[in-house]
file my_file_32.cif (mmCIF, C-alpha atoms and all ligand atoms)
data_data
#
loop_
_atom_site.group_PDB
_atom_site.id
_atom_site.type_symbol
_atom_site.label_atom_id
_atom_site.label_comp_id
_atom_site.auth_asym_id
_atom_site.auth_seq_id
_atom_site.Cartn_x
_atom_site.Cartn_y
_atom_site.Cartn_z
ATOM 1 C CA MET A 26 -11.792 -12.240 0.240
ATOM 2 C CA LYS A 27 -9.348 -10.669 -2.130
ATOM 3 C CA LEU A 28 -10.717 -7.468 -3.656
ATOM 4 C CA ILE A 29 -9.374 -6.246 -6.986
ATOM 5 C CA ARG A 30 -10.226 -3.473 -9.439
ATOM 6 C CA TYR A 31 -9.642 -3.793 -13.144
ATOM 7 C CA GLY A 32 -9.860 -1.811 -16.370
ATOM 8 C CA ASN A 33 -8.383 1.383 -17.735
ATOM 9 C CA PRO A 34 -7.026 4.052 -15.345
ATOM 10 C CA GLY A 35 -9.862 6.093 -13.877
ATOM 11 C CA GLN A 36 -12.494 3.660 -15.176
ATOM 12 C CA GLU A 37 -11.781 0.663 -12.972
ATOM 13 C CA LYS A 38 -14.528 -1.730 -11.964
ATOM 14 C CA PRO A 39 -14.613 -3.820 -8.795
ATOM 15 C CA GLY A 40 -13.932 -7.523 -8.750
ATOM 16 C CA LEU A 41 -12.741 -10.429 -6.673
ATOM 17 C CA LEU A 42 -9.781 -12.762 -6.987
ATOM 18 C CA LEU A 43 -11.219 -16.195 -6.170
ATOM 19 C CA ALA A 44 -9.392 -19.033 -4.423
ATOM 20 C CA ASP A 45 -9.128 -20.891 -7.746
ATOM 21 C CA GLY A 46 -7.315 -17.935 -9.313
ATOM 22 C CA ARG A 47 -10.233 -16.658 -11.422
ATOM 23 C CA LEU A 48 -11.098 -12.970 -11.411
ATOM 24 C CA ILE A 49 -14.806 -12.083 -11.377
ATOM 25 C CA ASP A 50 -16.631 -8.800 -11.832
ATOM 26 C CA VAL A 51 -18.839 -7.688 -8.915
ATOM 27 C CA THR A 52 -20.496 -4.568 -10.346
ATOM 28 C CA ALA A 53 -23.830 -6.394 -9.926
ATOM 29 C CA PHE A 54 -23.232 -6.028 -6.171
ATOM 30 C CA THR A 55 -21.471 -2.658 -5.892
ATOM 31 C CA PRO A 56 -20.387 0.047 -8.356
ATOM 32 C CA ASP A 57 -16.975 0.433 -6.706
ATOM 33 C CA TYR A 58 -14.904 -0.030 -3.544
ATOM 34 C CA THR A 59 -15.349 3.493 -2.199
ATOM 35 C CA GLU A 60 -15.535 5.131 1.213
ATOM 36 C CA ALA A 61 -19.321 4.546 1.115
ATOM 37 C CA PHE A 62 -18.788 0.852 0.335
ATOM 38 C CA PHE A 63 -16.502 0.295 3.332
ATOM 39 C CA ALA A 64 -18.616 2.536 5.615
ATOM 40 C CA GLY A 65 -21.689 0.488 4.821
ATOM 41 C CA ASP A 66 -20.165 -2.738 6.121
ATOM 42 C CA ALA A 67 -20.583 -4.091 2.603
ATOM 43 C CA LEU A 68 -17.763 -6.619 3.009
ATOM 44 C CA ASP A 69 -20.127 -9.070 4.733
ATOM 45 C CA GLY A 70 -22.739 -8.516 2.042
ATOM 46 C CA LEU A 71 -20.174 -9.015 -0.695
ATOM 47 C CA ARG A 72 -19.078 -12.284 0.907
ATOM 48 C CA GLN A 73 -22.658 -13.558 0.943
ATOM 49 C CA TRP A 74 -23.317 -12.320 -2.580
ATOM 50 C CA ALA A 75 -20.168 -14.029 -3.876
ATOM 51 C CA ALA A 76 -21.231 -17.311 -2.261
ATOM 52 C CA THR A 77 -24.705 -17.290 -3.773
ATOM 53 C CA GLU A 78 -24.431 -15.206 -6.968
ATOM 54 C CA GLY A 79 -20.713 -15.285 -7.724
ATOM 55 C CA HIS A 80 -21.024 -18.202 -10.159
ATOM 56 C CA ARG A 81 -23.171 -15.966 -12.395
ATOM 57 C CA ALA A 82 -20.656 -13.083 -12.355
ATOM 58 C CA PRO A 83 -18.653 -12.299 -15.505
ATOM 59 C CA VAL A 84 -15.131 -13.753 -15.484
ATOM 60 C CA ILE A 85 -12.402 -11.192 -16.175
ATOM 61 C CA ASP A 86 -9.646 -11.879 -18.698
ATOM 62 C CA PRO A 87 -6.498 -12.582 -16.611
ATOM 63 C CA GLY A 88 -4.521 -10.292 -18.925
ATOM 64 C CA THR A 89 -6.630 -7.272 -17.968
ATOM 65 C CA ARG A 90 -4.848 -4.364 -16.266
ATOM 66 C CA LEU A 91 -5.321 -4.285 -12.497
ATOM 67 C CA GLY A 92 -5.950 -0.913 -10.893
ATOM 68 C CA PRO A 93 -5.437 -0.071 -7.235
ATOM 69 C CA PRO A 94 -7.826 -2.381 -5.330
ATOM 70 C CA LEU A 95 -9.849 0.459 -3.830
ATOM 71 C CA ALA A 96 -11.136 3.814 -5.069
ATOM 72 C CA ARG A 97 -9.084 6.907 -4.211
ATOM 73 C CA PRO A 98 -9.288 7.273 -0.416
ATOM 74 C CA SER A 99 -9.596 10.436 1.672
ATOM 75 C CA LYS A 100 -6.063 9.887 3.012
ATOM 76 C CA LEU A 101 -2.879 7.962 2.341
ATOM 77 C CA ILE A 102 -0.942 8.178 5.601
ATOM 78 C CA CYS A 103 2.546 6.785 6.071
ATOM 79 C CA ILE A 104 4.630 5.824 9.075
ATOM 80 C CA GLY A 105 8.342 6.620 8.758
ATOM 81 C CA LEU A 106 11.340 4.851 10.302
ATOM 82 C CA ASN A 107 9.248 1.969 11.657
ATOM 83 C CA PHE A 108 11.995 -0.664 11.293
ATOM 84 C CA ARG A 109 15.168 -0.397 13.407
ATOM 85 C CA ASP A 110 17.438 -1.473 10.546
ATOM 86 C CA HIS A 111 15.938 1.142 8.191
ATOM 87 C CA ALA A 112 16.286 3.924 10.778
ATOM 88 C CA ALA A 113 19.936 2.886 11.202
ATOM 89 C CA GLU A 114 20.699 2.893 7.460
ATOM 90 C CA THR A 115 19.283 6.399 7.073
ATOM 91 C CA GLY A 116 21.240 7.660 10.088
ATOM 92 C CA ALA A 117 18.046 8.556 11.964
ATOM 93 C CA PRO A 118 17.378 7.669 15.614
ATOM 94 C CA VAL A 119 14.686 5.081 16.417
ATOM 95 C CA PRO A 120 11.612 7.270 17.029
ATOM 96 C CA ALA A 121 9.960 7.417 20.445
ATOM 97 C CA GLU A 122 6.556 7.986 18.792
ATOM 98 C CA PRO A 123 5.474 7.054 15.259
ATOM 99 C CA VAL A 124 6.792 9.418 12.569
ATOM 100 C CA VAL A 125 3.720 10.392 10.517
ATOM 101 C CA PHE A 126 3.602 11.887 7.031
ATOM 102 C CA PHE A 127 1.173 12.132 4.145
ATOM 103 C CA LYS A 128 1.436 11.016 0.557
ATOM 104 C CA ALA A 129 -0.844 12.648 -2.046
ATOM 105 C CA THR A 130 -3.647 10.257 -3.007
ATOM 106 C CA SER A 131 -3.072 11.263 -6.647
ATOM 107 C CA ALA A 132 0.136 9.173 -6.456
ATOM 108 C CA ILE A 133 -1.906 5.964 -6.264
ATOM 109 C CA VAL A 134 -1.719 3.634 -9.291
ATOM 110 C CA GLY A 135 -2.230 -0.026 -10.092
ATOM 111 C CA PRO A 136 0.243 -2.650 -8.901
ATOM 112 C CA ASN A 137 1.908 -3.225 -12.258
ATOM 113 C CA ASP A 138 1.701 0.255 -13.757
ATOM 114 C CA PRO A 139 5.017 1.830 -14.739
ATOM 115 C CA LEU A 140 6.881 4.105 -12.343
ATOM 116 C CA ILE A 141 7.340 7.446 -14.107
ATOM 117 C CA LEU A 142 10.446 9.256 -12.878
ATOM 118 C CA PRO A 143 9.581 12.862 -11.946
ATOM 119 C CA ARG A 144 11.178 15.634 -14.004
ATOM 120 C CA THR A 145 14.584 16.544 -12.520
ATOM 121 C CA SER A 146 14.554 13.391 -10.388
ATOM 122 C CA GLU A 147 17.960 11.932 -9.619
ATOM 123 C CA LYS A 148 17.225 10.070 -6.378
ATOM 124 C CA THR A 149 14.061 8.008 -6.842
ATOM 125 C CA ASP A 150 14.050 5.113 -4.381
ATOM 126 C CA TRP A 151 11.915 2.077 -3.459
ATOM 127 C CA GLU A 152 10.214 0.978 -0.193
ATOM 128 C CA VAL A 153 8.246 -2.273 0.173
ATOM 129 C CA GLU A 154 5.506 -1.786 2.786
ATOM 130 C CA LEU A 155 2.492 -3.388 4.394
ATOM 131 C CA ALA A 156 -0.476 -1.016 4.127
ATOM 132 C CA VAL A 157 -3.639 -1.141 6.237
ATOM 133 C CA VAL A 158 -7.088 -0.248 4.861
ATOM 134 C CA ILE A 159 -9.603 1.209 7.316
ATOM 135 C CA GLY A 160 -13.066 -0.382 7.425
ATOM 136 C CA ARG A 161 -15.032 1.486 10.103
ATOM 137 C CA LYS A 162 -14.412 5.147 10.973
ATOM 138 C CA ALA A 163 -11.873 5.392 13.785
ATOM 139 C CA ASN A 164 -11.784 8.238 16.346
ATOM 140 C CA TYR A 165 -9.851 7.871 19.584
ATOM 141 C CA VAL A 166 -9.842 4.086 19.405
ATOM 142 C CA SER A 167 -7.824 2.024 21.854
ATOM 143 C CA ARG A 168 -5.197 -0.478 20.857
ATOM 144 C CA GLU A 169 -7.632 -3.245 21.797
ATOM 145 C CA GLU A 170 -10.394 -1.836 19.568
ATOM 146 C CA ALA A 171 -8.146 -0.945 16.658
ATOM 147 C CA LEU A 172 -8.384 -4.079 14.510
ATOM 148 C CA SER A 173 -12.192 -3.946 14.509
ATOM 149 C CA HIS A 174 -11.765 -0.745 12.441
ATOM 150 C CA VAL A 175 -9.582 -2.445 9.813
ATOM 151 C CA ALA A 176 -10.987 -3.818 6.537
ATOM 152 C CA GLY A 177 -7.803 -5.502 5.403
ATOM 153 C CA TYR A 178 -4.291 -5.198 4.036
ATOM 154 C CA VAL A 179 -2.587 -4.341 0.779
ATOM 155 C CA LEU A 180 0.934 -4.353 -0.666
ATOM 156 C CA HIS A 181 2.416 -0.877 -1.241
ATOM 157 C CA ASN A 182 5.635 0.460 -2.755
ATOM 158 C CA ASP A 183 6.242 3.819 -1.048
ATOM 159 C CA TYR A 184 8.367 5.351 -3.824
ATOM 160 C CA SER A 185 10.394 8.300 -2.594
ATOM 161 C CA GLU A 186 12.465 10.986 -4.310
ATOM 162 C CA ARG A 187 15.185 11.486 -1.706
ATOM 163 C CA ALA A 188 16.370 14.889 -2.899
ATOM 164 C CA PHE A 189 12.791 16.219 -2.905
ATOM 165 C CA GLN A 190 12.226 14.560 0.488
ATOM 166 C CA LEU A 191 15.400 15.507 2.334
ATOM 167 C CA GLU A 192 17.267 18.290 0.522
ATOM 168 C CA ARG A 193 14.550 20.758 -0.503
ATOM 169 C CA GLY A 194 13.333 21.910 2.924
ATOM 170 C CA GLY A 195 9.963 21.481 4.562
ATOM 171 C CA GLN A 196 8.153 18.193 4.955
ATOM 172 C CA TRP A 197 8.762 14.786 3.380
ATOM 173 C CA VAL A 198 5.511 15.065 1.398
ATOM 174 C CA LYS A 199 7.224 16.565 -1.685
ATOM 175 C CA GLY A 200 9.399 13.488 -2.073
ATOM 176 C CA LYS A 201 6.542 11.054 -1.580
ATOM 177 C CA SER A 202 3.687 12.396 -3.679
ATOM 178 C CA CYS A 203 4.782 12.335 -7.329
ATOM 179 C CA ASP A 204 2.401 10.656 -9.775
ATOM 180 C CA THR A 205 2.834 6.823 -9.820
ATOM 181 C CA PHE A 206 4.682 6.857 -6.462
ATOM 182 C CA ALA A 207 2.075 4.672 -4.721
ATOM 183 C CA PRO A 208 1.382 1.387 -6.510
ATOM 184 C CA LEU A 209 -1.218 -0.494 -4.426
ATOM 185 C CA GLY A 210 -2.145 -4.143 -4.839
ATOM 186 C CA PRO A 211 -2.535 -6.574 -6.601
ATOM 187 C CA PHE A 212 -5.446 -7.073 -4.161
ATOM 188 C CA LEU A 213 -6.890 -5.961 -0.849
ATOM 189 C CA ALA A 214 -6.924 -9.009 1.452
ATOM 190 C CA THR A 215 -9.642 -8.877 4.086
ATOM 191 C CA GLN A 216 -8.462 -9.539 7.635
ATOM 192 C CA ASP A 217 -9.677 -13.153 7.655
ATOM 193 C CA GLU A 218 -7.250 -13.962 4.803
ATOM 194 C CA ILE A 219 -4.236 -13.132 6.994
ATOM 195 C CA SER A 220 -3.720 -15.326 10.063
ATOM 196 C CA ASP A 221 -1.031 -13.111 11.645
ATOM 197 C CA VAL A 222 -0.333 -9.726 10.085
ATOM 198 C CA HIS A 223 2.803 -9.445 12.226
ATOM 199 C CA ALA A 224 4.480 -12.552 10.755
ATOM 200 C CA LEU A 225 4.585 -11.850 7.023
ATOM 201 C CA PRO A 226 7.830 -12.158 5.037
ATOM 202 C CA MET A 227 8.379 -9.161 2.734
ATOM 203 C CA TRP A 228 10.861 -8.626 -0.104
ATOM 204 C CA LEU A 229 11.821 -6.348 -2.972
ATOM 205 C CA THR A 230 14.146 -6.808 -5.945
ATOM 206 C CA VAL A 231 15.585 -4.389 -8.510
ATOM 207 C CA ASN A 232 16.443 -6.002 -11.859
ATOM 208 C CA GLY A 233 16.154 -9.383 -10.128
ATOM 209 C CA GLU A 234 18.628 -8.586 -7.340
ATOM 210 C CA ILE A 235 17.279 -8.782 -3.824
ATOM 211 C CA ARG A 236 17.354 -5.379 -2.131
ATOM 212 C CA GLN A 237 14.935 -5.704 0.784
ATOM 213 C CA GLN A 238 14.136 -8.838 2.765
ATOM 214 C CA SER A 239 12.447 -8.657 6.141
ATOM 215 C CA ASN A 240 9.282 -9.565 8.019
ATOM 216 C CA THR A 241 6.388 -7.579 9.448
ATOM 217 C CA SER A 242 7.411 -9.051 12.832
ATOM 218 C CA ASN A 243 10.137 -6.377 12.826
ATOM 219 C CA LEU A 244 7.718 -3.419 12.901
ATOM 220 C CA ILE A 245 8.547 -1.116 15.827
ATOM 221 C CA PHE A 246 4.932 0.124 16.116
ATOM 222 C CA ASP A 247 2.523 -2.660 15.160
ATOM 223 C CA VAL A 248 -0.795 -2.330 13.330
ATOM 224 C CA PRO A 249 -3.079 -1.839 16.380
ATOM 225 C CA ALA A 250 -0.624 0.675 17.840
ATOM 226 C CA ILE A 251 -0.517 2.679 14.600
ATOM 227 C CA VAL A 252 -4.302 2.752 14.065
ATOM 228 C CA SER A 253 -4.923 3.732 17.681
ATOM 229 C CA TYR A 254 -2.160 6.359 17.610
ATOM 230 C CA LEU A 255 -3.328 8.055 14.395
ATOM 231 C CA SER A 256 -6.941 8.081 15.572
ATOM 232 C CA GLN A 257 -5.930 10.342 18.479
ATOM 233 C CA PHE A 258 -5.070 13.081 15.946
ATOM 234 C CA MET A 259 -7.557 12.650 13.075
ATOM 235 C CA SER A 260 -10.578 10.666 11.958
ATOM 236 C CA LEU A 261 -9.582 7.619 9.976
ATOM 237 C CA LEU A 262 -12.309 7.201 7.384
ATOM 238 C CA PRO A 263 -13.453 3.996 5.696
ATOM 239 C CA GLY A 264 -11.121 3.212 2.826
ATOM 240 C CA ASP A 265 -8.217 5.286 4.186
ATOM 241 C CA VAL A 266 -4.840 3.667 3.622
ATOM 242 C CA ILE A 267 -2.046 3.616 6.207
ATOM 243 C CA SER A 268 1.379 2.422 5.095
ATOM 244 C CA THR A 269 3.369 1.020 7.988
ATOM 245 C CA GLY A 270 6.984 1.674 7.004
ATOM 246 C CA THR A 271 9.829 -0.057 5.202
ATOM 247 C CA PRO A 272 12.729 -2.271 6.314
ATOM 248 C CA ALA A 273 16.409 -1.763 5.449
ATOM 249 C CA GLY A 274 17.663 -2.127 1.900
ATOM 250 C CA VAL A 275 16.493 1.099 0.263
ATOM 251 C CA GLY A 276 18.806 2.730 -2.281
ATOM 252 C CA LEU A 277 19.586 5.589 0.102
ATOM 253 C CA GLY A 278 21.152 3.092 2.493
ATOM 254 C CA PHE A 279 23.770 1.794 0.024
ATOM 255 C CA LYS A 280 27.351 3.082 0.145
ATOM 256 C CA PRO A 281 27.382 4.849 -2.226
ATOM 257 C CA PRO A 282 23.592 5.247 -2.618
ATOM 258 C CA VAL A 283 21.860 3.568 -5.587
ATOM 259 C CA PHE A 284 18.800 5.112 -7.232
ATOM 260 C CA LEU A 285 16.410 4.084 -10.000
ATOM 261 C CA LYS A 286 16.906 4.834 -13.679
ATOM 262 C CA ALA A 287 14.734 4.340 -16.742
ATOM 263 C CA GLY A 288 14.590 0.686 -17.744
ATOM 264 C CA ASP A 289 14.960 -0.720 -14.226
ATOM 265 C CA VAL A 290 12.381 -3.255 -13.062
ATOM 266 C CA VAL A 291 11.211 -3.281 -9.436
ATOM 267 C CA GLU A 292 9.379 -6.319 -8.063
ATOM 268 C CA LEU A 293 8.068 -6.723 -4.525
ATOM 269 C CA GLY A 294 5.809 -8.867 -2.428
ATOM 270 C CA ILE A 295 4.461 -9.729 0.986
ATOM 271 C CA ASP A 296 3.343 -13.263 1.820
ATOM 272 C CA GLY A 297 -0.459 -13.384 1.657
ATOM 273 C CA LEU A 298 -0.693 -10.061 -0.195
ATOM 274 C CA GLY A 299 0.721 -11.098 -3.568
ATOM 275 C CA SER A 300 3.392 -9.355 -5.594
ATOM 276 C CA SER A 301 3.655 -6.392 -7.931
ATOM 277 C CA ARG A 302 6.028 -5.215 -10.651
ATOM 278 C CA GLN A 303 6.871 -1.726 -11.879
ATOM 279 C CA GLN A 304 8.991 -0.866 -14.897
ATOM 280 C CA VAL A 305 10.798 2.441 -14.443
ATOM 281 C CA MET A 306 10.221 4.971 -17.220
ATOM 282 C CA ALA A 307 11.804 8.327 -17.982
ATOM 283 C CA SER A 308 9.856 11.448 -17.093
ATOM 284 C CA VAL A 309 7.291 12.699 -19.608
HETATM 285 ZN ZN ZN B 1 7.816 4.491 3.558
#
call {"tool": "encode", "arguments": {"input": "my_file_32.cif", "output": "structure tokens"}}
result
Amino acid sequence: MKLIRYGNPGQEKPGLLLADGRLIDVTAFTPDYTEAFFAGDALDGLRQWAATEGHRAPVIDPGTRLGPPLARPSKLICIGLNFRDHAAETGAPVPAEPVVFFKATSAIVGPNDPLILPRTSEKTDWEVELAVVIGRKANYVSREEALSHVAGYVLHNDYSERAFQLERGGQWVKGKSCDTFAPLGPFLATQDEISDVHALPMWLTVNGEIRQQSNTSNLIFDVPAIVSYLSQFMSLLPGDVISTGTPAGVGLGFKPPVFLKAGDVVELGIDGLGSSRQQVMASV
């Protein structure tokens, strides 16, 4: 299944993107895709409901705004420097253990919402990433058990203000958490939609020029390794989002570096997870 949410910001309703391209509303089955929804193993119920009742569900206008495909989670966790070529372009060594940081969940927006440059930002940068959505609570899970705790996958652009991240002291979180810095979607693909999550081409363009082009096969720490690793330090709750890191081609890696300015258009995609598009806007 491909889960979507639609409607105005903060008032999104749950839906599904069907194989024929139609969007349907599923509020007759669930009020939203929340922690409680994922914790209740409702994905199987939703699949059955869609098969039997889906034809009666309201069809959504394809021009409707898409929101992030899940309600605000308890955590948005990111893995840093998880591609060798990206570590090299930033001048950082390849990490011996996953580099872990947080992104404020208030940064989450819909896949095609504008990117608002933060006030005083001069170094806002892009990062196409595969993100994992937790299905069942995970505590101290093994690598072998890890995927049974995953609901599915979603496309993420881990926007980053490099000066806030690297030049202002402290942790990376300041450069990662600005409003609109985490577009998620267009949809959450359940695991059965993706035959091999470690063989997905990924790309990103700025104003139509290709900037990032790689494949999830190049992840240093793969999805089971990341889920198992994080679960040794914290409970991963249903609906939590884990972004797995970006390949080379970020603006910071250019010589000289290239950063976003108002009017730029960023487009990105991962095979099987759709594509998204953000227009860059000046700070408000
Ligand atoms: Zn990232």
call {"tool": "residues_near_ligand", "arguments": {"input": "my_file_32.cif", "ligand": "ligand ZN 1 (chain B)", "cutoff": "8 Å", "atoms": "all atoms listed in the file", "output": "VMD selection string"}}
result
chain A and resid 103 to 106 152 to 154 182 to 185 268 to 271
call {"tool": "residues_around", "arguments": {"input": "my_file_32.cif", "residues": "segment 206-210 of chain A", "least_positions_apart": "3", "cutoff": "6 Å", "atoms": "only C-alpha atoms", "output": "short mmCIF file (atom, residue, chain, number, x, y, z; two decimals) with C-alpha atoms, in the coordinates of the input"}}
result
data_model
loop_
_atom_site.label_atom_id
_atom_site.label_comp_id
_atom_site.auth_asym_id
_atom_site.auth_seq_id
_atom_site.Cartn_x
_atom_site.Cartn_y
_atom_site.Cartn_z
CA PRO A 93 -5.44 -0.07 -7.24
CA PRO A 94 -7.83 -2.38 -5.33
CA ALA A 132 0.14 9.17 -6.46
CA ILE A 133 -1.91 5.96 -6.26
CA VAL A 134 -1.72 3.63 -9.29
CA GLY A 135 -2.23 -0.03 -10.09
CA PRO A 136 0.24 -2.65 -8.90
CA VAL A 179 -2.59 -4.34 0.78
CA LEU A 180 0.93 -4.35 -0.67
CA HIS A 181 2.42 -0.88 -1.24
CA ASN A 182 5.64 0.46 -2.76
CA ASP A 183 6.24 3.82 -1.05
CA TYR A 184 8.37 5.35 -3.82
CA CYS A 203 4.78 12.34 -7.33
#
call {"tool": "resolve_selection", "arguments": {"input": "my_file_32.cif", "expression": "the PyMOL selection byres (((chain A and resi 301) around 8) and not hetatm)", "output": "list in words"}}
result
Pro136, Asn137, Gly210, Pro211, Glu292, Leu293, Gly294, Gly299, Ser300, Arg302 and Gln303 of chain A
call {"tool": "atom_distance", "arguments": {"input": "my_file_32.cif", "atom1": "atom CA of Val266 of chain A", "atom2": "atom CA of Ser146 of chain A"}}
result
25.8 Å
call {"tool": "closest_residue", "arguments": {"input": "my_file_32.cif", "among": "A:Leu261, A:Val124, A:Ala188, A:Val158", "to": "Leu28 of chain A", "atoms": "all atoms listed in the file"}}
result
A:Val158
call {"tool": "decode", "arguments": {"input": "my_file_32.cif", "residues": "segment 74-97 of chain A", "atoms": "N, CA and C atoms", "output": "PDB file, in the first residue's frame"}}
result
ATOM      1  N   TRP A  74      -9.645  -3.618   4.523  1.00  0.00           N
ATOM      2  CA  TRP A  74     -10.723  -2.640   4.340  1.00  0.00           C
ATOM      3  C   TRP A  74     -10.691  -2.077   2.921  1.00  0.00           C
ATOM      4  N   ALA A  75      -9.483  -1.766   2.429  1.00  0.00           N
ATOM      5  CA  ALA A  75      -9.365  -1.194   1.087  1.00  0.00           C
ATOM      6  C   ALA A  75      -9.858  -2.181   0.033  1.00  0.00           C
ATOM      7  N   ALA A  76      -9.604  -3.481   0.268  1.00  0.00           N
ATOM      8  CA  ALA A  76     -10.019  -4.491  -0.704  1.00  0.00           C
ATOM      9  C   ALA A  76     -11.534  -4.633  -0.750  1.00  0.00           C
ATOM     10  N   THR A  77     -12.176  -4.514   0.405  1.00  0.00           N
ATOM     11  CA  THR A  77     -13.621  -4.758   0.444  1.00  0.00           C
ATOM     12  C   THR A  77     -14.466  -3.492   0.388  1.00  0.00           C
ATOM     13  N   GLU A  78     -13.970  -2.401   1.015  1.00  0.00           N
ATOM     14  CA  GLU A  78     -14.761  -1.172   1.120  1.00  0.00           C
ATOM     15  C   GLU A  78     -14.185  -0.021   0.299  1.00  0.00           C
ATOM     16  N   GLY A  79     -12.977  -0.202  -0.202  1.00  0.00           N
ATOM     17  CA  GLY A  79     -12.277   0.903  -0.863  1.00  0.00           C
ATOM     18  C   GLY A  79     -13.052   1.499  -2.025  1.00  0.00           C
ATOM     19  N   HIS A  80     -13.830   0.681  -2.727  1.00  0.00           N
ATOM     20  CA  HIS A  80     -14.571   1.195  -3.893  1.00  0.00           C
ATOM     21  C   HIS A  80     -15.649   2.187  -3.474  1.00  0.00           C
ATOM     22  N   ARG A  81     -16.026   2.167  -2.199  1.00  0.00           N
ATOM     23  CA  ARG A  81     -17.039   3.125  -1.704  1.00  0.00           C
ATOM     24  C   ARG A  81     -16.402   4.406  -1.167  1.00  0.00           C
ATOM     25  N   ALA A  82     -15.065   4.416  -1.048  1.00  0.00           N
ATOM     26  CA  ALA A  82     -14.383   5.557  -0.416  1.00  0.00           C
ATOM     27  C   ALA A  82     -14.384   6.763  -1.343  1.00  0.00           C
ATOM     28  N   PRO A  83     -14.476   7.973  -0.775  1.00  0.00           N
ATOM     29  CA  PRO A  83     -14.426   9.182  -1.605  1.00  0.00           C
ATOM     30  C   PRO A  83     -13.092   9.282  -2.356  1.00  0.00           C
ATOM     31  N   VAL A  84     -13.178   9.683  -3.625  1.00  0.00           N
ATOM     32  CA  VAL A  84     -11.962   9.901  -4.422  1.00  0.00           C
ATOM     33  C   VAL A  84     -11.505  11.337  -4.198  1.00  0.00           C
ATOM     34  N   ILE A  85     -10.203  11.511  -4.013  1.00  0.00           N
ATOM     35  CA  ILE A  85      -9.627  12.822  -3.719  1.00  0.00           C
ATOM     36  C   ILE A  85      -9.200  13.480  -5.024  1.00  0.00           C
ATOM     37  N   ASP A  86      -9.488  14.772  -5.141  1.00  0.00           N
ATOM     38  CA  ASP A  86      -9.049  15.550  -6.300  1.00  0.00           C
ATOM     39  C   ASP A  86      -7.518  15.457  -6.409  1.00  0.00           C
ATOM     40  N   PRO A  87      -6.991  15.053  -7.583  1.00  0.00           N
ATOM     41  CA  PRO A  87      -5.531  14.906  -7.702  1.00  0.00           C
ATOM     42  C   PRO A  87      -4.758  16.209  -7.513  1.00  0.00           C
ATOM     43  N   GLY A  88      -5.455  17.348  -7.582  1.00  0.00           N
ATOM     44  CA  GLY A  88      -4.778  18.624  -7.367  1.00  0.00           C
ATOM     45  C   GLY A  88      -4.670  19.019  -5.903  1.00  0.00           C
ATOM     46  N   THR A  89      -5.229  18.197  -5.018  1.00  0.00           N
ATOM     47  CA  THR A  89      -5.215  18.514  -3.588  1.00  0.00           C
ATOM     48  C   THR A  89      -3.790  18.476  -3.028  1.00  0.00           C
ATOM     49  N   ARG A  90      -3.494  19.416  -2.107  1.00  0.00           N
ATOM     50  CA  ARG A  90      -2.180  19.387  -1.452  1.00  0.00           C
ATOM     51  C   ARG A  90      -1.962  18.074  -0.695  1.00  0.00           C
ATOM     52  N   LEU A  91      -0.772  17.499  -0.852  1.00  0.00           N
ATOM     53  CA  LEU A  91      -0.381  16.348  -0.050  1.00  0.00           C
ATOM     54  C   LEU A  91       0.365  16.833   1.177  1.00  0.00           C
ATOM     55  N   GLY A  92       0.031  16.265   2.332  1.00  0.00           N
ATOM     56  CA  GLY A  92       0.799  16.529   3.543  1.00  0.00           C
ATOM     57  C   GLY A  92       1.846  15.439   3.711  1.00  0.00           C
ATOM     58  N   PRO A  93       2.620  15.495   4.795  1.00  0.00           N
ATOM     59  CA  PRO A  93       3.484  14.358   5.103  1.00  0.00           C
ATOM     60  C   PRO A  93       2.608  13.120   5.270  1.00  0.00           C
ATOM     61  N   PRO A  94       3.060  11.932   4.847  1.00  0.00           N
ATOM     62  CA  PRO A  94       2.167  10.773   4.817  1.00  0.00           C
ATOM     63  C   PRO A  94       1.965  10.081   6.151  1.00  0.00           C
ATOM     64  N   LEU A  95       2.382  10.716   7.243  1.00  0.00           N
ATOM     65  CA  LEU A  95       2.069  10.195   8.568  1.00  0.00           C
ATOM     66  C   LEU A  95       1.988  11.380   9.522  1.00  0.00           C
ATOM     67  N   ALA A  96       1.233  11.206  10.607  1.00  0.00           N
ATOM     68  CA  ALA A  96       1.101  12.271  11.601  1.00  0.00           C
ATOM     69  C   ALA A  96       2.445  12.480  12.301  1.00  0.00           C
ATOM     70  N   ARG A  97       2.613  13.657  12.915  1.00  0.00           N
ATOM     71  CA  ARG A  97       3.908  13.991  13.519  1.00  0.00           C
ATOM     72  C   ARG A  97       4.352  12.896  14.490  1.00  0.00           C
TER      73      ARG A  97
END
